[in-house]
Amino acid sequence: MLHRTLLYPNHLKLFLSATKYKRHIIQVHALVITTGNLLNGSFISRDLIAAFGRIGEISHARKLFDQLPQRNVSVYNSMIVAYSRGNNPDAVLRLYDQMIAERVQPDSSTFTMTIKACLSGMVLEKGEAVWSKAVEFGYKNDVFVCSSVLNLYMKCGKMNEAEVLFRKMMKRDVICWTTMVTGFAQAGKSLKAVEFYRGMQNEGFGRDRVVMLGLLQASGDLGDSKMGGSVHGFLIRTNIPMNVVVETSLVDMYAKVGFIEVAFRMFRRMMFKTAVSWGSLISGFAQNGLPNKAFEAVVEMQSFGFQPDLVTLVGVLVACSQVGSLKTGRSVHCYILKRHVLDRVPATALMDMYSKCGALSSSREVFEHLGKKDLVCWNTMISCYGIHGNGQEVISMFLKMTESNIEPDHATFASFLSALSHSGLIEQGQHWFSAMINKYNIQPSEKHYVCLIDLLARAGRVEEALNMIHSEKLDTALPIWVALLSGCINHRNLSVGDIAANKILQLNPDSIGIQTLVSNFYATANKWKEVAKVRKMMRNGVMEKVPGHSVIEMNGELRTFLMEDLSHHEHYHMLQLLRNLSSEMRNVSNKSISECVISN
DNA sequence: CCCGTTGCGG
């Protein structure tokens, strides 16, 4: 039974804002009704609605709301808060419209919360309409309203609009500065984010914890360990209290700049972890080429009662594609289908995983089932066919892509040209290389030139390739010479090969694969002194490096193939077969490479 | 009341 002193409105308000029991709120409601009609025009109805909303009794709040003979701004706002907390942006927007229809004047928080609901509901147009209404009612310079509009613009990719509004604002607080910094950071415009952070510092802001998250994200994105480390140092020095979100961001940052051990140490020291923390760690393992660590972590997170979310599962798929675990990949696919609608990012990750695990038809199936395909989806599908050496399908995919009005980018051409070269489609490769420049206005970068050199070198046109290296001033790029050298080995061109091998050694390659290639070339040329030199270099250089290997799944079991591994009992026959195959391939390629395209 | 952590292709 409620105490009589609660009849004072202030006491009632305090009581309502503190209790977590539905029956308490109902008792207050009853009390208010039985002791006189306090509901109309008083604050009690607002507080009752807020109290019901706070404990998640939204339908109770709504019933009370609907029963009121008249509703003012506060009552509306309480109801809007309830729906916002319940993650129901549609209901917020309906209430806002109803409010306008009932001619109740919204205030700053109404606009702020409604615009935020537009963001959750991803309705930019509605948000802009609400914003013009806010301007109409005189909230043009309200920092709360403006920040929510800035955030809406940033999250919808309207960076320019956001910047224009930001410049026009009369007064700027930490929040709106932070909105800009995190907005740019999340959009991958890391340098812009840092630029705004500097602006913020110049205005005397910048000790805020949230803005540090934006900087951490920018550091990770740029791979800038110095910047990330200094943010970490700043957090420690200034005694800004850590929390799960900051710690998770630190784990993520360290993983992204390649300091996976540091990330793991940070993770282990975290007192409280969330599914997101686990997700950061797991994606970090996958990004750093530690797929087995990623798998272990997923199992472990589940043993702690956390379910992997979509983002984490994408990390697991990346891990699967690295080790070729088709079985795990398929089970992740099922897991996703059971719980979520397959959206673009997981679908793209699935396509990539399937193709790298050898199941090209499954890649295509996922691709076909996808409703809306973006640039990355198309690029991935092209790369899938490229990996499998299916040049014809790559070309038809590319054409379909342009027919669908998706503008190809530098990555499209990187996959496309590489696929054409690997399929031996020389004329096509040259044609599309110039189309890239002339028709699509993409200036070739190093990787595109590598494709072109590779293309020519594979065709045995190594002198032509060499001329191009000189005329296009590509002679400082290691991958260019590597592409040329492998062509020289295959076509036994010792003179050009010698130039390439020399250049490669000058550039001091630390990759075992490249060193092996050079050593193989010298062996082909019978230059045994040079072979010994390169071998010595290999031994001195990178002892701790894991030797090159590949993994394939057979009947659910992972088989590893190590470089120069002779431990298999049939290794002699395997090597014999490989030798025969490569000599056959050389014979065929001398005739015409394009004749031996193996279609799927 | 406005700003906060994990994701795909190259």
# chains A, B, ... in the order shown; residues from 1 in each chain; ligands from 1

$ interface_residues --of "chain A" --to "chain B" --cutoff "6 Å" --atoms "only C-alpha atoms (C1' of nucleotides)" --output "PyMOL selection string"
chain A and resi 109+144+147-148+175+178-179+210+245+248-249+276+279-280+311+314+345+348-349+376+379-380+411

$ atom_distance --atom1 "atom CA of Met169 of chain A" --atom2 "atom CA of Lys133 of chain A"
17.1 Å

$ select_by_dssp --residues "segment 444-516 of chain A" --states "helix (DSSP H, G or I)" --output "MDAnalysis selection string"
chainID A and resid 446:458 462:471 478:490 494:506 512:516

$ residues_around --residues "Val251 of chain A" --least-positions-apart "2" --cutoff "7 Å" --atoms "only C-alpha atoms (C1' of nucleotides)" --output "VMD selection string"
chain A and resid 247 to 249 253 to 255 263 266 to 267 280 to 281

$ write_last_selection --atoms "all heavy atoms" --output "short mmCIF file (atom, residue, chain, number, x, y, z; two decimals), in the first residue's frame"
data_model
loop_
_atom_site.label_atom_id
_atom_site.label_comp_id
_atom_site.auth_asym_id
_atom_site.auth_seq_id
_atom_site.Cartn_x
_atom_site.Cartn_y
_atom_site.Cartn_z
N GLU A 247 37.28 -0.48 -24.70
CA GLU A 247 38.21 -1.62 -24.72
C GLU A 247 38.03 -2.45 -25.98
O GLU A 247 39.01 -2.89 -26.60
CB GLU A 247 38.02 -2.47 -23.47
CG GLU A 247 38.55 -1.78 -22.23
CD GLU A 247 38.30 -2.58 -20.97
OE1 GLU A 247 37.18 -3.12 -20.81
OE2 GLU A 247 39.20 -2.66 -20.14
N THR A 248 36.79 -2.65 -26.37
CA THR A 248 36.53 -3.41 -27.60
C THR A 248 37.12 -2.68 -28.80
O THR A 248 37.71 -3.29 -29.69
CB THR A 248 35.02 -3.61 -27.78
OG1 THR A 248 34.50 -4.29 -26.65
CG2 THR A 248 34.72 -4.42 -29.03
N SER A 249 36.97 -1.36 -28.82
CA SER A 249 37.52 -0.59 -29.93
C SER A 249 39.03 -0.69 -29.95
O SER A 249 39.64 -0.69 -31.03
CB SER A 249 37.12 0.87 -29.80
OG SER A 249 35.73 0.98 -29.82
N MET A 253 41.18 -1.99 -32.96
CA MET A 253 42.22 -1.16 -33.56
C MET A 253 43.54 -1.93 -33.64
O MET A 253 44.17 -1.98 -34.70
CB MET A 253 42.37 0.12 -32.75
CG MET A 253 43.40 1.10 -33.27
SD MET A 253 45.10 0.74 -32.73
CE MET A 253 44.98 1.06 -30.96
N TYR A 254 43.94 -2.54 -32.53
CA TYR A 254 45.23 -3.25 -32.53
C TYR A 254 45.22 -4.39 -33.55
O TYR A 254 46.21 -4.64 -34.23
CB TYR A 254 45.58 -3.74 -31.13
CG TYR A 254 46.19 -2.65 -30.27
CD1 TYR A 254 45.61 -2.24 -29.07
CD2 TYR A 254 47.36 -2.00 -30.68
CE1 TYR A 254 46.17 -1.23 -28.31
CE2 TYR A 254 47.93 -0.99 -29.91
CZ TYR A 254 47.33 -0.61 -28.74
OH TYR A 254 47.89 0.40 -27.99
N ALA A 255 44.08 -5.06 -33.66
CA ALA A 255 44.00 -6.14 -34.65
C ALA A 255 44.13 -5.58 -36.06
O ALA A 255 44.82 -6.14 -36.90
CB ALA A 255 42.69 -6.89 -34.49
N ALA A 263 46.27 -7.07 -29.35
CA ALA A 263 44.81 -7.11 -29.30
C ALA A 263 44.34 -8.24 -28.40
O ALA A 263 43.45 -8.06 -27.56
CB ALA A 263 44.26 -7.29 -30.72
N MET A 266 44.92 -7.47 -24.73
CA MET A 266 43.92 -6.52 -24.25
C MET A 266 42.60 -7.23 -23.99
O MET A 266 41.94 -7.03 -22.98
CB MET A 266 43.66 -5.44 -25.31
CG MET A 266 44.69 -4.38 -25.34
SD MET A 266 43.98 -2.74 -25.13
CE MET A 266 42.76 -2.90 -23.91
N PHE A 267 42.24 -8.09 -24.95
CA PHE A 267 40.97 -8.81 -24.86
C PHE A 267 40.93 -9.66 -23.59
O PHE A 267 39.96 -9.67 -22.85
CB PHE A 267 40.78 -9.68 -26.09
CG PHE A 267 39.53 -10.52 -26.05
CD1 PHE A 267 38.31 -10.00 -26.42
CD2 PHE A 267 39.58 -11.85 -25.62
CE1 PHE A 267 37.17 -10.76 -26.37
CE2 PHE A 267 38.44 -12.61 -25.57
CZ PHE A 267 37.23 -12.07 -25.95
N SER A 280 35.07 -8.68 -32.44
CA SER A 280 36.28 -7.94 -32.82
C SER A 280 37.47 -8.87 -32.83
O SER A 280 38.29 -8.85 -33.75
CB SER A 280 36.57 -6.83 -31.83
OG SER A 280 35.52 -5.93 -31.81
N LEU A 281 37.58 -9.68 -31.79
CA LEU A 281 38.72 -10.59 -31.68
C LEU A 281 38.71 -11.59 -32.83
O LEU A 281 39.73 -11.83 -33.48
CB LEU A 281 38.67 -11.32 -30.34
CG LEU A 281 39.83 -12.27 -30.11
CD1 LEU A 281 41.10 -11.49 -29.79
CD2 LEU A 281 39.52 -13.26 -29.00
#

$ residues_around --residues "Cys357 of chain A" --least-positions-apart "3" --cutoff "7 Å" --atoms "only C-alpha atoms (C1' of nucleotides)" --output "short mmCIF file (atom, residue, chain, number, x, y, z; two decimals) with N, CA and C atoms, in the first residue's frame"
data_model
loop_
_atom_site.label_atom_id
_atom_site.label_comp_id
_atom_site.auth_asym_id
_atom_site.auth_seq_id
_atom_site.Cartn_x
_atom_site.Cartn_y
_atom_site.Cartn_z
N SER A 321 37.57 -19.41 -45.64
CA SER A 321 38.13 -19.30 -46.99
C SER A 321 39.65 -19.38 -46.96
N GLY A 324 40.19 -23.27 -46.49
CA GLY A 324 39.42 -24.15 -47.35
C GLY A 324 38.47 -25.06 -46.60
N SER A 325 37.97 -24.63 -45.45
CA SER A 325 37.04 -25.52 -44.74
C SER A 325 35.62 -25.31 -45.23
N LEU A 326 35.34 -26.01 -46.29
CA LEU A 326 34.02 -25.93 -46.91
C LEU A 326 32.90 -26.35 -45.96
N MET A 353 33.95 -17.29 -49.87
CA MET A 353 34.33 -18.52 -49.17
C MET A 353 34.12 -19.74 -50.08
N TYR A 354 32.91 -19.82 -50.69
CA TYR A 354 32.61 -20.98 -51.53
C TYR A 354 33.62 -21.10 -52.66
#

$ residues_around --residues "Asp475 of chain A" --least-positions-apart "2" --cutoff "12 Å" --atoms "only C-alpha atoms (C1' of nucleotides)" --output "list in words"
Glu446, Tyr449, Val450, Ile453, Ala465, Leu466, Asn467, Met468, Ile469, His470, Ser471, Glu472, Lys473, Ala477, Leu478, Pro479, Ile480, Trp481, Val482, Leu484, Ile499, Ala500, Asn502, Lys503, Ile504, Gln506 and Leu507 of chain A
